[in-house]
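Next up, start-v1.txt (compact mmCIF, C-alpha atoms):
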```txt
# COMPACT_ATOMS: atom_id res chain seq x y z
CA MET A 142 88.07 46.63 -180.75
CA THR A 143 89.81 46.73 -177.40
CA THR A 144 88.54 44.63 -174.56
CA MET A 145 89.16 46.03 -171.08
CA THR A 146 89.13 43.74 -168.10
CA ILE A 147 88.71 45.29 -164.67
CA ALA A 148 90.16 43.06 -162.06
CA ALA A 149 88.62 43.11 -158.61
CA ASP A 150 90.75 44.48 -155.89
CA SER A 151 91.27 41.41 -153.78
CA THR A 152 94.24 42.46 -151.71
CA PRO A 153 94.15 41.70 -147.94
CA GLU A 154 94.02 45.42 -147.14
CA SER A 155 90.87 45.92 -149.22
CA SER A 156 89.14 42.92 -147.58
CA VAL A 157 89.85 44.29 -144.13
CA ARG A 158 88.61 47.73 -145.16
CA LEU A 159 85.41 46.24 -146.62
CA LYS A 160 84.69 44.27 -143.42
CA ARG A 161 85.28 47.41 -141.36
CA GLU A 162 82.85 49.41 -143.49
CA LEU A 163 80.22 46.67 -143.25
CA LYS A 164 80.56 46.56 -139.46
CA ALA A 165 80.29 50.35 -139.27
CA ALA A 166 77.16 50.33 -141.43
CA GLU A 167 75.61 47.56 -139.29
CA ALA A 168 76.45 49.44 -136.09
CA LYS A 169 74.88 52.60 -137.51
CA LYS A 170 71.66 50.73 -138.35
CA ARG A 171 71.57 49.21 -134.89
CA ALA A 172 72.09 52.61 -133.27
CA MET A 173 69.27 54.11 -135.35
CA ALA A 174 66.95 51.26 -134.33
CA LEU A 175 67.83 51.77 -130.66
CA LEU A 176 67.16 55.50 -130.95
CA LEU A 177 63.75 54.78 -132.46
CA ILE A 178 62.69 52.47 -129.63
CA ALA A 179 64.39 54.49 -126.86
CA PRO A 180 61.28 56.60 -125.99
CA LEU A 181 59.13 53.47 -125.65
CA ALA A 182 61.83 51.67 -123.66
CA ILE A 183 62.19 54.62 -121.26
CA PHE A 184 58.42 54.83 -120.88
CA LEU A 185 58.15 51.12 -120.05
CA LEU A 186 61.07 51.39 -117.64
CA LEU A 187 59.55 54.30 -115.71
CA ILE A 188 55.93 53.19 -115.78
CA PHE A 189 56.25 49.42 -115.35
CA VAL A 190 59.71 48.13 -114.45
CA VAL A 191 60.59 50.63 -111.71
CA PRO A 192 57.21 50.44 -109.89
CA ILE A 193 57.18 46.64 -110.06
CA GLY A 194 60.74 46.51 -108.77
CA ALA A 195 59.82 48.85 -105.91
CA LEU A 196 56.78 46.68 -105.15
CA LEU A 197 58.84 43.50 -104.96
CA THR A 198 61.47 45.23 -102.81
CA ARG A 199 58.82 46.61 -100.44
CA ALA A 200 57.49 43.09 -99.90
CA ALA A 201 60.81 42.06 -98.35
CA GLN A 202 61.67 45.28 -96.51
CA ASN A 203 61.53 45.18 -92.71
CA PRO A 204 62.97 48.50 -91.50
CA GLU A 205 60.69 49.38 -88.58
CA VAL A 206 62.41 47.47 -85.77
CA VAL A 207 65.94 48.01 -87.11
CA SER A 208 65.54 51.79 -87.35
CA ALA A 209 63.65 52.23 -84.06
CA LEU A 210 65.56 49.84 -81.76
CA PRO A 211 69.20 49.74 -82.92
CA HIS A 212 70.73 49.56 -79.43
CA THR A 213 68.26 46.89 -78.31
CA LEU A 214 69.06 44.69 -81.31
CA ASN A 215 72.76 45.14 -80.66
CA ALA A 216 72.26 44.02 -77.06
CA LEU A 217 70.28 40.99 -78.26
CA SER A 218 72.82 39.97 -80.91
CA GLY A 219 74.31 37.20 -78.78
CA TRP A 220 71.11 36.18 -77.03
CA ASP A 221 70.14 32.47 -77.22
CA ARG A 222 66.37 33.31 -77.32
CA LYS A 223 65.67 30.50 -74.82
CA THR A 224 65.86 32.50 -71.58
CA LEU A 225 65.10 36.10 -70.70
CA PRO A 226 67.56 38.57 -72.26
CA PRO A 227 70.29 40.20 -70.15
CA ASP A 228 69.63 43.35 -68.17
CA ALA A 229 71.65 45.31 -70.74
CA ALA A 230 68.86 44.66 -73.27
CA TYR A 231 66.34 46.34 -70.95
CA ALA A 232 68.62 49.34 -70.60
CA ALA A 233 69.08 49.54 -74.36
CA LEU A 234 65.31 49.28 -74.87
CA ALA A 235 64.75 52.17 -72.46
CA ALA A 236 67.24 54.30 -74.39
CA ASP A 237 65.67 53.44 -77.77
CA LEU A 238 62.11 54.05 -76.61
CA THR A 239 63.16 57.40 -75.14
CA THR A 240 64.58 58.38 -78.54
CA VAL A 241 61.58 57.34 -80.65
CA ALA A 242 58.82 58.27 -78.18
CA ASP A 243 57.98 61.56 -79.92
CA GLY A 244 58.68 60.54 -83.51
CA ASP A 245 56.95 58.68 -86.32
CA GLY A 246 59.16 55.67 -85.76
CA MET A 247 57.26 54.72 -82.60
CA GLY A 248 53.97 54.28 -84.47
CA ALA A 249 55.62 52.21 -87.20
CA LEU A 250 57.40 50.10 -84.58
CA ALA A 251 54.17 49.49 -82.66
CA ARG A 252 52.27 48.48 -85.82
CA ARG A 253 55.02 46.11 -86.93
CA LEU A 254 55.36 44.34 -83.58
CA ASN A 255 51.57 44.18 -83.24
CA VAL A 256 51.55 42.05 -86.39
CA GLU A 257 53.83 39.60 -84.60
CA ILE A 258 51.86 39.52 -81.32
CA PRO A 259 48.39 41.10 -81.01
CA GLY A 260 48.45 43.67 -78.22
CA TYR A 261 52.09 44.61 -78.73
CA ARG A 262 51.01 48.05 -79.96
CA SER A 263 49.57 49.01 -76.56
CA LEU A 264 52.64 47.65 -74.79
CA VAL A 265 55.01 49.74 -76.91
CA ALA A 266 52.87 52.88 -76.55
CA LYS A 267 52.55 52.40 -72.79
CA SER A 268 56.29 51.85 -72.35
CA ALA A 269 57.26 54.77 -74.60
CA ARG A 270 55.06 57.15 -72.57
CA ALA A 271 56.84 56.07 -69.39
CA MET A 272 60.29 56.94 -70.77
CA PRO A 273 62.57 58.04 -69.29
CA PHE A 274 61.98 56.51 -65.89
CA ALA A 275 61.69 59.41 -63.41
CA ASP A 276 60.91 60.09 -59.78
CA ASP A 277 57.81 61.81 -58.40
CA ASN A 278 59.27 65.19 -59.39
CA SER A 279 59.69 64.08 -63.03
CA LYS A 280 63.44 64.00 -62.61
CA PRO A 281 65.11 61.21 -64.65
CA LEU A 282 66.51 58.47 -62.46
CA ASN A 283 70.07 57.20 -62.78
CA LEU A 284 69.33 53.48 -62.76
CA THR A 285 71.46 50.40 -63.27
CA PRO A 286 70.45 47.87 -65.97
CA ALA A 287 69.06 45.55 -63.29
CA GLN A 288 66.95 48.38 -61.86
CA ILE A 289 65.70 49.28 -65.37
CA HIS A 290 64.73 45.62 -65.80
CA ALA A 291 62.71 45.80 -62.58
CA LYS A 292 61.06 49.05 -63.69
CA PHE A 293 59.96 47.49 -66.98
CA VAL A 294 58.42 44.52 -65.19
CA GLU A 295 56.74 46.86 -62.72
CA LEU A 296 55.34 48.82 -65.66
CA ASP A 297 53.99 45.73 -67.42
CA GLU A 298 54.47 42.04 -66.65
CA ARG A 299 54.64 41.23 -70.37
CA TRP A 300 58.25 42.44 -70.42
CA ASN A 301 59.07 39.29 -68.45
CA ASP A 302 57.51 37.16 -71.21
CA ILE A 303 60.22 35.78 -73.50
CA THR A 304 57.96 35.75 -76.58
CA TYR A 305 57.84 39.57 -76.69
CA TRP A 306 61.63 39.70 -76.79
CA GLN A 307 61.79 36.97 -79.39
CA ALA A 308 59.53 39.07 -81.62
CA ILE A 309 62.07 41.90 -81.45
CA ALA A 310 65.10 39.66 -81.93
CA LYS A 311 63.85 37.88 -85.05
CA ASN A 312 63.33 41.24 -86.79
CA SER A 313 66.98 42.20 -86.53
CA GLY A 314 67.43 42.41 -90.32
CA ALA A 315 66.39 45.20 -92.67
CA TYR A 316 64.96 42.56 -95.01
CA SER A 317 62.75 39.67 -94.00
CA PRO A 318 60.54 37.04 -95.68
CA PHE A 319 57.84 37.76 -93.09
CA TYR A 320 55.24 39.23 -95.47
CA LEU A 321 55.87 36.72 -98.24
CA LEU A 322 55.57 33.84 -95.78
CA ALA A 323 52.42 35.36 -94.27
CA SER A 324 50.91 35.58 -97.76
CA LEU A 325 51.41 31.81 -98.00
CA ASP A 326 50.04 31.14 -94.49
CA HIS A 327 53.49 30.46 -93.05
CA LYS A 328 55.74 32.22 -90.54
CA GLN A 329 59.13 32.06 -88.88
CA ASP A 330 59.31 30.85 -85.31
CA ALA A 331 61.53 32.41 -82.66
CA PHE A 332 64.58 30.61 -84.07
CA GLY A 333 63.99 31.42 -87.75
CA HIS A 334 62.45 28.08 -88.75
CA ILE A 335 59.55 28.25 -91.25
CA THR A 336 56.31 26.79 -89.86
CA PRO A 337 52.62 27.00 -90.82
CA THR A 338 50.61 29.71 -89.14
CA ASP A 339 47.86 28.89 -86.68
CA PRO A 340 44.84 27.22 -88.33
CA ASP A 341 42.53 30.10 -87.40
CA GLN A 342 44.87 32.54 -89.21
CA GLN A 343 45.32 30.55 -92.43
CA ILE A 344 43.29 32.53 -94.95
CA TYR A 345 45.53 33.61 -97.82
CA LEU A 346 46.05 30.23 -99.51
CA ALA A 347 42.26 29.88 -99.53
CA VAL A 348 41.99 33.38 -101.01
CA PHE A 349 44.49 32.54 -103.76
CA GLY A 350 42.65 29.29 -104.45
CA ARG A 351 39.34 31.16 -104.65
CA THR A 352 40.89 33.72 -106.97
CA PHE A 353 42.15 31.06 -109.39
CA VAL A 354 38.84 29.15 -109.25
CA ILE A 355 36.85 32.30 -110.10
CA GLY A 356 39.33 33.21 -112.85
CA ALA A 357 39.14 29.70 -114.36
CA ALA A 358 35.34 29.62 -114.18
CA VAL A 359 35.00 33.04 -115.83
CA THR A 360 37.48 31.97 -118.52
CA PHE A 361 35.44 28.81 -119.19
CA PHE A 362 32.15 30.72 -119.41
CA ALA A 363 33.71 33.36 -121.67
CA LEU A 364 35.05 30.61 -123.98
CA LEU A 365 31.71 28.80 -123.93
CA LEU A 366 29.90 31.96 -125.06
CA GLY A 367 32.65 33.56 -127.10
CA TYR A 368 33.62 30.62 -129.32
CA PRO A 369 30.27 30.16 -131.13
CA LEU A 370 29.80 33.93 -131.35
CA ALA A 371 33.27 34.44 -132.87
CA TYR A 372 32.63 31.56 -135.28
CA TRP A 373 29.32 33.08 -136.37
CA ILE A 374 30.95 36.48 -136.92
CA SER A 375 33.71 34.88 -139.00
CA THR A 376 31.09 33.42 -141.38
CA LEU A 377 29.43 36.80 -142.05
CA SER A 378 30.26 39.12 -144.87
CA GLU A 379 32.85 41.76 -144.13
CA ARG A 380 30.29 44.53 -143.77
CA ARG A 381 28.07 42.61 -141.35
CA ALA A 382 31.06 41.29 -139.42
CA ASN A 383 32.33 44.83 -138.89
CA LEU A 384 28.90 45.89 -137.65
CA VAL A 385 28.73 43.02 -135.15
CA MET A 386 32.29 43.69 -133.97
CA ILE A 387 31.31 47.30 -133.28
CA LEU A 388 28.52 45.98 -131.05
CA VAL A 389 31.03 43.70 -129.30
CA LEU A 390 33.39 46.62 -128.68
CA ILE A 391 30.74 49.11 -127.47
CA PRO A 392 31.11 48.00 -123.79
CA PHE A 393 34.73 49.22 -123.89
CA TRP A 394 33.36 52.76 -124.06
CA THR A 395 31.43 52.30 -120.80
CA SER A 396 33.01 52.38 -117.35
CA ILE A 397 33.27 49.04 -115.56
CA LEU A 398 31.67 50.63 -112.51
CA VAL A 399 28.65 51.65 -114.60
CA ARG A 400 28.31 48.13 -116.00
CA VAL A 401 28.54 46.60 -112.53
CA ALA A 402 25.87 49.02 -111.27
CA ALA A 403 23.68 48.00 -114.22
CA TRP A 404 24.02 44.33 -113.26
CA ILE A 405 23.00 45.20 -109.70
CA VAL A 406 19.79 46.68 -111.07
CA ILE A 407 19.19 43.70 -113.37
CA LEU A 408 19.98 40.92 -110.88
CA GLN A 409 18.36 42.24 -107.72
CA SER A 410 15.25 40.61 -106.28
CA GLU A 411 13.00 43.13 -108.01
CA GLY A 412 15.22 43.27 -111.10
CA LEU A 413 14.46 42.43 -114.70
CA VAL A 414 15.67 38.82 -114.52
CA ASN A 415 13.59 37.82 -111.52
CA LYS A 416 10.53 39.72 -112.73
CA ALA A 417 10.71 38.01 -116.12
CA LEU A 418 11.08 34.56 -114.59
CA MET A 419 8.23 35.13 -112.16
CA ALA A 420 5.99 36.59 -114.89
CA THR A 421 6.41 33.42 -116.95
CA GLY A 422 5.42 31.27 -113.97
CA LEU A 423 8.76 29.47 -113.79
CA LEU A 424 9.42 30.87 -110.33
CA HIS A 425 7.28 31.83 -107.37
CA ASP A 426 10.10 33.38 -105.34
CA PRO A 427 12.96 35.52 -106.71
CA LEU A 428 16.36 33.93 -107.18
CA SER A 429 19.30 35.11 -105.10
CA LEU A 430 21.61 36.46 -107.81
CA LEU A 431 23.34 39.26 -105.90
CA PHE A 432 26.06 39.24 -103.23
CA ASN A 433 27.09 35.69 -104.10
CA ARG A 434 29.28 33.83 -106.59
CA THR A 435 26.53 33.75 -109.25
CA GLY A 436 26.44 37.51 -109.63
CA VAL A 437 30.24 37.65 -109.77
CA TYR A 438 30.34 35.06 -112.55
CA ILE A 439 27.64 36.76 -114.61
CA SER A 440 29.11 40.25 -114.40
CA MET A 441 32.76 39.25 -114.92
CA THR A 442 31.88 37.02 -117.88
CA HIS A 443 29.96 39.87 -119.50
CA ILE A 444 32.80 42.35 -118.93
CA LEU A 445 35.57 40.02 -120.14
CA LEU A 446 33.71 38.40 -123.05
CA PRO A 447 35.11 40.84 -125.69
CA PHE A 448 38.66 39.88 -124.67
CA MET A 449 37.83 36.28 -125.63
CA ILE A 450 36.00 37.12 -128.86
CA LEU A 451 38.70 39.36 -130.36
CA PRO A 452 41.60 36.84 -130.49
CA LEU A 453 39.23 34.03 -131.52
CA TYR A 454 37.78 36.07 -134.37
CA SER A 455 41.20 37.17 -135.61
CA VAL A 456 42.29 33.49 -135.86
CA MET A 457 39.01 32.19 -137.29
CA LYS A 458 38.93 34.83 -139.98
CA SER A 459 42.24 33.53 -141.37
CA ILE A 460 41.09 29.88 -141.62
CA PRO A 461 39.97 28.98 -145.17
CA PRO A 462 36.46 27.41 -145.20
CA THR A 463 37.59 25.03 -147.95
CA TYR A 464 39.32 22.80 -145.36
CA GLN A 465 36.02 21.75 -143.81
CA ARG A 466 34.34 21.32 -147.18
CA ALA A 467 37.23 19.14 -148.34
CA ALA A 468 36.90 16.92 -145.26
CA ILE A 469 33.15 16.56 -145.78
CA SER A 470 33.62 15.75 -149.47
CA LEU A 471 36.00 12.97 -148.45
CA GLY A 472 33.28 11.35 -146.36
CA SER A 473 33.70 12.97 -142.95
CA HIS A 474 30.64 13.87 -140.89
CA PRO A 475 30.14 17.69 -140.68
CA PHE A 476 30.57 17.66 -136.90
CA ALA A 477 33.67 15.47 -137.13
CA ALA A 478 35.09 17.76 -139.81
CA PHE A 479 34.46 20.78 -137.58
CA TRP A 480 35.96 19.13 -134.49
CA ARG A 481 38.98 17.51 -136.12
CA VAL A 482 39.81 19.99 -138.87
CA TYR A 483 38.54 23.41 -137.82
CA VAL A 484 38.88 23.46 -134.03
CA PRO A 485 42.60 22.51 -133.93
CA GLN A 486 43.37 25.47 -136.15
CA THR A 487 41.76 27.80 -133.59
CA TYR A 488 43.95 26.63 -130.68
CA PRO A 489 46.19 29.75 -130.86
CA GLY A 490 43.09 31.96 -130.54
CA ILE A 491 41.72 29.83 -127.70
CA GLY A 492 45.07 29.99 -125.87
CA ALA A 493 45.47 33.73 -126.34
CA GLY A 494 41.87 34.50 -125.34
CA ALA A 495 41.92 32.18 -122.33
CA LEU A 496 45.23 33.59 -121.11
CA LEU A 497 44.05 37.18 -121.53
CA VAL A 498 40.72 36.60 -119.79
CA PHE A 499 42.22 34.57 -116.94
CA ILE A 500 44.95 37.11 -116.19
CA LEU A 501 42.44 39.97 -116.20
CA ALA A 502 40.00 37.97 -114.07
CA ILE A 503 42.41 37.10 -111.25
CA GLY A 504 43.19 40.80 -110.82
CA TYR A 505 39.58 41.97 -110.50
CA TYR A 506 38.53 44.01 -107.49
CA ILE A 507 35.45 46.17 -108.17
CA THR A 508 33.12 43.42 -109.44
CA PRO A 509 33.58 40.93 -106.56
CA ALA A 510 33.53 43.78 -104.03
CA LEU A 511 30.14 45.06 -105.24
CA LEU A 512 28.42 41.90 -106.44
CA GLY A 513 29.99 39.21 -104.24
CA GLY A 514 29.68 38.28 -100.62
CA PRO A 515 32.40 37.95 -97.98
CA GLY A 516 33.36 34.53 -99.34
CA ASP A 517 33.76 35.79 -102.90
CA GLN A 518 36.50 38.38 -102.41
CA MET A 519 39.71 37.86 -104.36
CA VAL A 520 43.36 38.73 -103.77
CA SER A 521 42.94 42.28 -105.10
CA TYR A 522 40.41 43.02 -102.36
CA TYR A 523 43.00 42.26 -99.69
CA VAL A 524 45.66 44.26 -101.54
CA ALA A 525 43.31 47.25 -101.43
CA TYR A 526 42.48 46.55 -97.78
CA PHE A 527 46.12 46.53 -96.67
CA THR A 528 46.86 49.60 -98.81
CA ASN A 529 43.92 51.82 -97.83
CA VAL A 530 42.72 50.60 -94.43
CA THR A 531 45.58 49.16 -92.38
CA ILE A 532 48.37 50.96 -94.34
CA ASN A 533 50.37 47.72 -94.36
CA TRP A 534 52.38 48.21 -97.55
CA GLY A 535 54.54 45.16 -96.94
CA MET A 536 51.59 42.77 -96.91
CA ALA A 537 49.93 44.48 -99.86
CA CYS A 538 53.12 44.28 -101.92
CA ALA A 539 53.67 40.63 -100.97
CA LEU A 540 50.19 39.65 -102.14
CA GLY A 541 50.59 41.68 -105.32
CA GLY A 542 54.02 40.18 -105.95
CA LEU A 543 52.68 36.63 -105.65
CA LEU A 544 49.85 37.49 -108.05
CA LEU A 545 52.43 38.90 -110.47
CA ALA A 546 54.51 35.72 -110.14
CA ALA A 547 51.46 33.60 -110.98
CA THR A 548 50.84 35.75 -114.05
CA LEU A 549 54.44 35.37 -115.23
CA VAL A 550 54.24 31.60 -114.78
CA LEU A 551 51.14 31.54 -116.97
CA TYR A 552 52.96 33.53 -119.64
CA VAL A 553 55.88 31.10 -119.58
CA ILE A 554 53.56 28.08 -119.84
CA TYR A 555 51.66 29.66 -122.72
CA GLY A 556 54.91 30.58 -124.49
CA ARG A 557 56.22 27.03 -124.24
CA PHE A 558 52.89 25.62 -125.38
CA THR A 559 52.88 27.95 -128.37
CA ARG A 560 56.46 27.07 -129.35
CA SER A 561 55.76 23.34 -129.06
CA SER A 562 52.63 23.71 -131.19
CA LEU A 563 54.55 25.61 -133.86
CA SER A 564 57.33 23.02 -133.88
CA LEU A 565 54.81 20.18 -134.26
CA GLY A 566 53.05 22.08 -137.01
```

Structure encoded using structure tokens:
Amino acid sequence: MTTMTIAADSTPESSVRLKRELKAAEAKKRAMALLLIAPLAIFLLLIFVVPIGALLTRAAQNPEVVSALPHTLNALSGWDRKTLPPDAAYAALAADLTTVADGDGMGALARRLNVEIPGYRSLVAKSARAMPFADDNSKPLNLTPAQIHAKFVELDERWNDITYWQAIAKNSGAYSPFYLLASLDHKQDAFGHITPTDPDQQIYLAVFGRTFVIGAAVTFFALLLGYPLAYWISTLSERRANLVMILVLIPFWTSILVRVAAWIVILQSEGLVNKALMATGLLHDPLSLLFNRTGVYISMTHILLPFMILPLYSVMKSIPPTYQRAAISLGSHPFAAFWRVYVPQTYPGIGAGALLVFILAIGYYITPALLGGPGDQMVSYYVAYFTNVTINWGMACALGGLLLAATLVLYVIYGRFTRSSLSLG
């Protein structure tokens, strides 16, 4: 009987060839994986990344003054902003206003400068209509810069006010933090220093604070109602739990606008809630439940409650009931066993549900607009106002960008909290 021994090819050339083949196979697998996720990646890029990037860019763009008054800004480049500008700046302004008088740039310029100083819109429109300076026969005059200066002052005394020129000079860049600072109730003075806005114009920090307070309150109420409901569902049999979950998910099939309209009917002075309370004798006068914070809380909690129940139920369903029974059998009180053994295991569900509800709540617009009063409007209301009413895209994008930044911060905090919990576990 012959025994054959096959020796492994262990030459350096074969080892190099084997490594090369393994790298090629790994690269092929990686390429196939990238091809599989490419459609989703392209979709996310086009639908989310590009619009968000454009939004953030628009919040810092400041093209109106640069595009409409290039010669004026050039003449003001060396100006100290402490005295009236030189006569050459008046001549350059006359040339720029003559160029933009009949175009769309004049309207954009007037709106932008009116944000800096109320009434600037009328000044720009009035001056643009007077360009070029002409005699009684409408023949353009050949004036020196000093004479053009005098004509501007004769047209309107505000052109001798240094603050109007400072407003032009500080917008000499195509990008500016103006809208972002305004969203935080701050501004740049004539020399570029950041200062708080006037007290009577400080509204946006209060709006952001109100938005976060409403979001936190709705999150608390949703957790207060959703936790016991999710726990009860997790104790049911699979068939009954599925039936109850269907009832929880039914509101997803109804428009938010329809649900808000239903709450208007229910909460109004002659609605079901007030009629029921007055019929029982508990009240003699109807409660004010509409167009205030109470109606906002009730409606938003009802709408967002399923987003709290779903993550809680998914976590609770995976917790074995034997843990609590074991704690009780070892002498623990049932409530202590629930609080110390069961509740800590639901922290991931609480965190996920609270994060989801809070992020959705701070972006709400329809519910506060229909059920709340003037003091209950959130950031989204002002985003819609600047987008649809005043057509101020810069301010709308700045407010939206800050809301996005707050959302990203929450995600980072939740991610770190989750990692630390996993590491401790």

One number please: CA of Gln307 (chain A) to CA of Leu540 (chain A), in Å, one decimal. 25.7 Å

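Each of A:Pro211, A:Val399, A:Leu428, A:Ala195 was checked against Ile507 (chain A) using all atoms listed in the file; the smallest atom-to-atom distance is that of A:Val399.
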
Top pick for closest residue to Tyr345 (chain A), considering A:Ala331, A:Leu423, A:Leu325, A:Leu446 and counting all atoms listed in the file: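 Comparing A:Ala331, A:Leu423, A:Leu325, A:Leu446 against Tyr345 (chain A), the winner is A:Leu325.
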
For CA of Thr338 (chain A) and CA of Tyr526 (chain A), the interatomic separation in Å (one decimal):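 A separation of 20.6 Å between them.
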
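Residue nearest His425 (chain A) within the list A:Ile309, A:Ser410, A:Ser521, A:Ile439: A:Ser410 [criterion: smallest interatomic distance, all atoms listed in the file].
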
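A straight line drawn from CA of Asp243 (chain A) to CA of Asn533 (chain A) is 21.4 Å long.
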
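Using all atoms listed in the file, the shortest contact distance between Ala382 (chain A) and any of A:Tyr454, A:Ala420, A:Gly516, A:Asp228 is found at A:Tyr454.
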
Could you name the residues that touch Gly541 (chain A) at 9 Å or less, counting only C-alpha atoms, but leaving out those on the same chain fewer than 2 positions away, as a PDB file with C-alpha atoms, in the coordinates of the input?
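The result, written out as around-v4.pdb:
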```pdb
ATOM      1  CA  LEU A 196      56.780  46.680-105.150  1.00  0.00           C
ATOM      2  CA  LEU A 197      58.840  43.500-104.960  1.00  0.00           C
ATOM      3  CA  ALA A 200      57.490  43.090 -99.900  1.00  0.00           C
ATOM      4  CA  VAL A 520      43.360  38.730-103.770  1.00  0.00           C
ATOM      5  CA  SER A 521      42.940  42.280-105.100  1.00  0.00           C
ATOM      6  CA  VAL A 524      45.660  44.260-101.540  1.00  0.00           C
ATOM      7  CA  MET A 536      51.590  42.770 -96.910  1.00  0.00           C
ATOM      8  CA  ALA A 537      49.930  44.480 -99.860  1.00  0.00           C
ATOM      9  CA  CYS A 538      53.120  44.280-101.920  1.00  0.00           C
ATOM     10  CA  ALA A 539      53.670  40.630-100.970  1.00  0.00           C
ATOM     11  CA  LEU A 543      52.680  36.630-105.650  1.00  0.00           C
ATOM     12  CA  LEU A 544      49.850  37.490-108.050  1.00  0.00           C
ATOM     13  CA  LEU A 545      52.430  38.900-110.470  1.00  0.00           C
ATOM     14  CA  ALA A 546      54.510  35.720-110.140  1.00  0.00           C
TER      15      ALA A 546
END
```

Show me, as a PyMOL selection string, the residues that have an atom within 12 Å of region 265-282 of chain A when counting only C-alpha atoms, minus same-chain residues fewer than 6 positions from it. chain A and resi 206+209-210+231-244+246-255+258-259+288-300+305+309

Looking at A:Ala308, A:Val401, A:Leu431, A:Leu445, which one is nearest to Leu214 (chain A), with distances taken over all atoms listed in the file? A:Ala308

Hey, could you make a per-residue contact list for region 415-508 of chain A against region 350-354 of chain A with 9 Å as the cut-off, showing the nearest pair of atoms and its distance in Å to one decimal, counting only C-alpha atoms, sorted by chain and number, as a Markdown table?
```
| residue | atom | partner | partner_atom | distance |
| --- | --- | --- | --- | --- |
| A:Phe499 | CA | A:Phe353 | CA | 8.3 |
| A:Ala502 | CA | A:Thr352 | CA | 8.3 |
| A:Ile503 | CA | A:Thr352 | CA | 5.7 |
| A:Gly504 | CA | A:Thr352 | CA | 8.4 |
```

Save out the residues we just selected, C-alpha atoms, as a compact mmCIF listing (two decimals), in the frame of the given file.
```
# COMPACT_ATOMS: atom_id res chain seq x y z
CA PHE A 499 42.22 34.57 -116.94
CA ALA A 502 40.00 37.97 -114.07
CA ILE A 503 42.41 37.10 -111.25
CA GLY A 504 43.19 40.80 -110.82
```

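With distances restricted to only C-alpha atoms, A:Ala201 is the closest residue to Phe319 (chain A) from A:Val456, A:Ala201, A:Ala165, A:Leu390.
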
Residues at most 9 Å from Ile444 (chain A), counting only C-alpha atoms, excluding those fewer than 2 positions away in the same chain, as a PyMOL selection string? chain A and resi 392-393+397+400-401+439-442+446-448

File output, region 344-353 of chain A (N, CA, C and O atoms) as a short mmCIF file (atom, residue, chain, number, x, y, z; two decimals), in the first residue's frame:
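And here is the file that came out, decode-v1.cif:
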```
data_model
loop_
_atom_site.label_atom_id
_atom_site.label_comp_id
_atom_site.auth_asym_id
_atom_site.auth_seq_id
_atom_site.Cartn_x
_atom_site.Cartn_y
_atom_site.Cartn_z
N ILE A 344 -37.61 88.52 19.74
CA ILE A 344 -38.74 87.60 19.80
C ILE A 344 -38.33 86.15 19.53
O ILE A 344 -38.99 85.22 20.00
N TYR A 345 -37.25 85.93 18.80
CA TYR A 345 -36.98 84.58 18.30
C TYR A 345 -36.44 83.64 19.38
O TYR A 345 -36.75 82.45 19.36
N LEU A 346 -35.64 84.16 20.32
CA LEU A 346 -35.20 83.29 21.41
C LEU A 346 -36.39 82.85 22.24
O LEU A 346 -36.46 81.70 22.70
N ALA A 347 -37.35 83.75 22.43
CA ALA A 347 -38.58 83.37 23.15
C ALA A 347 -39.38 82.33 22.35
O ALA A 347 -39.96 81.41 22.93
N VAL A 348 -39.38 82.47 21.02
CA VAL A 348 -40.09 81.50 20.19
C VAL A 348 -39.42 80.13 20.27
O VAL A 348 -40.10 79.09 20.39
N PHE A 349 -38.09 80.10 20.22
CA PHE A 349 -37.38 78.83 20.35
C PHE A 349 -37.63 78.22 21.73
O PHE A 349 -37.84 77.01 21.86
N GLY A 350 -37.59 79.06 22.78
CA GLY A 350 -37.87 78.55 24.11
C GLY A 350 -39.27 77.97 24.22
O GLY A 350 -39.48 76.90 24.80
N ARG A 351 -40.25 78.68 23.64
CA ARG A 351 -41.63 78.18 23.64
C ARG A 351 -41.74 76.88 22.88
O ARG A 351 -42.45 75.95 23.29
N THR A 352 -41.03 76.78 21.77
CA THR A 352 -41.07 75.56 20.97
C THR A 352 -40.56 74.37 21.76
O THR A 352 -41.17 73.30 21.78
N PHE A 353 -39.42 74.55 22.45
CA PHE A 353 -38.85 73.45 23.23
C PHE A 353 -39.71 73.12 24.45
O PHE A 353 -39.81 71.95 24.84
#
```
